[in-house]
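Contents: one structure, followed by commentary.
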Amino acid sequence: MYKVNDDFLWGVATSASQIEGAWKEDGKGMSIADCLRFRPAIDVKDYKKVNEVDTEEIEQALSDTNDKNWAKRYGVDFYHYYKEDIAQLAEMGIKAFRFSIGWTRIFPEGTEDQPNQMGLDYYLELVKELRKYQIEPIVTLSHYDMPLAIVLNSDSWYDRQTIALYEKFATTVIDYLSEYVNYWIPFNEIDSIIRHPFASAGLVKDRFTGKNFEEVIYQSMHHQFIASALVVDYCHKNYPKMQVGCMITKTTIYPYDSHPENILQSMLQMREVYAFSDIQVRGEYPAYLLKKLENEHISLSFSEGDPTFLAENTADFIAFSYYSSVCTAADTTGLKVSLANTTKGVYNKYLQQTDWGWQIDPVGIRISLVELYDRYNKPLFIVENGLGAADQLTKEGRVHDTYRIDYLRQHIQEVLRSVKEDGIELLGYCTWGAMDMISASTNQMSKRYGFLYVDLDDFGNGTFKRYKKDSYFWYQKLLDFDTEIPENFFDK
Ligand code: BG6
């Protein structure tokens, strides 16, 4: 028998720009996500190109009134479907629903003095609806959709003043939803700024000509750390019941083989993610990051008081997403390439791949739990784990996604093994996603993650009708067991 705590949060996860749609309704402003489109001419496996956005692309987005070209403008219309969707997810048995706040619903351009009341009310209704079914809201404040106006009228997160705009947004939302929300995540995958600076921080490379763009990224990163610490400080001072987590993309990077050089290489690459949680959990920049910045002639500007503020406002828990692992080597010449979440590495011959080339590694999620708990000794929260696949809807309105059931079965079993044997502390587990939604990286609809199939294609055609997939019924069975799950439930 596997056991989890009585208050363990079994759930699902989403983000505003990938589900809501209604991009102009009820006073919402334009966000950076509204400028992203599926570009069939770019190979979806070329994660760098797929995630690159320049000024020309933004100008096209601004002038194009055909919303069907811009997938996150219509999402899966959760803005209007939320009651039906939540009812179906409640029927599946979830105890937690992770979603994010569209910043531009609250402050359309980011700089207004007063928030948009209709935006605040929408999220209030949403959390009330969740509470109606005893579902715990897990709220991400910023998930890849900052106001476009901040990007165009300033230097975005490179500009220290953006911290104050974010603070106003964050504290407004926290106050308004305080009665209903206990768990907050200031930024989704804060480390992703390194891999896709536009989606994470609104940084458009060609707007910084003459500057070292790496330095721009790291300076913006520092500003996001201060912004996160402000959320911690605000919640702790005003609402002691609230917990604030940091969130990282927990890709696991193995050495390709036992050659010491390759083992060293994997350690060094893991630091690219750990640097972020190290700062937010331990409250100071690790020596290895300071040395790297020094060696690369990147100098960050800190305000007086920043180090103390970071040290005094560390995260209460460590949230992370986990999808896959990759390998690495000191010299990768000639080695087969494989992909993971917005990154790539060396192919692992022991693992299978998804339709999008991400390697499937259930043991890697347990390794992640052990690594993170051993490193920080703080509560962990898996806030994303799932399989993006090209599901097919049958004529009878069914989706036989046995591959997704297999993925979840194997990953969740490893999670429960870890709880049973590794002594980790885990607050909950949320799948990515809930209903299908627009892919964050490729802007495709056909890369589906949900338990509910949404009738929509990559070009915005479809009825938006929802259908329960086979995985919906599998997860429902698991959630029925709640805190005590028989081990043979995971037998194939
Ligand atoms: C995570 C993001 O990195 O991966 C989500 O937080 C995203 O927003 C998920 O959807 C899966 O990635 P993708 O690119 O397949 O949608």
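Lettering and numbering for the structure tokens are positional, with chains as A, B, ... in the shown order, residues counted from 1 in each chain, and ligands counted from 1 in the shown order.
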Quick one: everything within 6 Å of Arg466 in chain A, counting only C-alpha atoms, minus sequence neighbours fewer than 3 positions away in the same chain. Send it as a list in words.
->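 Here the answer would be Leu452, Tyr453 and Val454 of chain A.
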Contacts of ligand 1, 8 Å or closer, only C-alpha atoms and all ligand atoms, given as a list in words | Thr14, Ser15, Gln18, His143, Tyr144, Asn188, Glu189, Thr249, Ser321, Tyr323, Asn341, Thr342, Glu384, Gly386, Gly388, Trp432, Gly433, Met437, Ile438, Ser439, Ala440, Ser441, Thr442, Asn443 and Lys447 of chain A
Range 277-280 of chain A: which residues within 9 Å, counting only C-alpha atoms, same-chain residues fewer than 3 positions away excluded, as a ChimeraX atom specification?
-> /A:190-191,225,228-229,245-248,273-274,283-286,310-311,313-315,318,375-376
Please provide the set of residues having any atom within 6 Å of range 393-408 of chain A, restricted to only C-alpha atoms, with same-chain residues fewer than 3 positions apart removed, written as a list in words.
-> His411, Ile412, Lys469, Asp470 and Ser471 of chain A
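Remark: for Gln269 in chain A, the closest of the candidate residues A:Ile298, A:Leu290, A:Cys327, A:Ala170 is A:Cys327 (distances computed over only C-alpha atoms).
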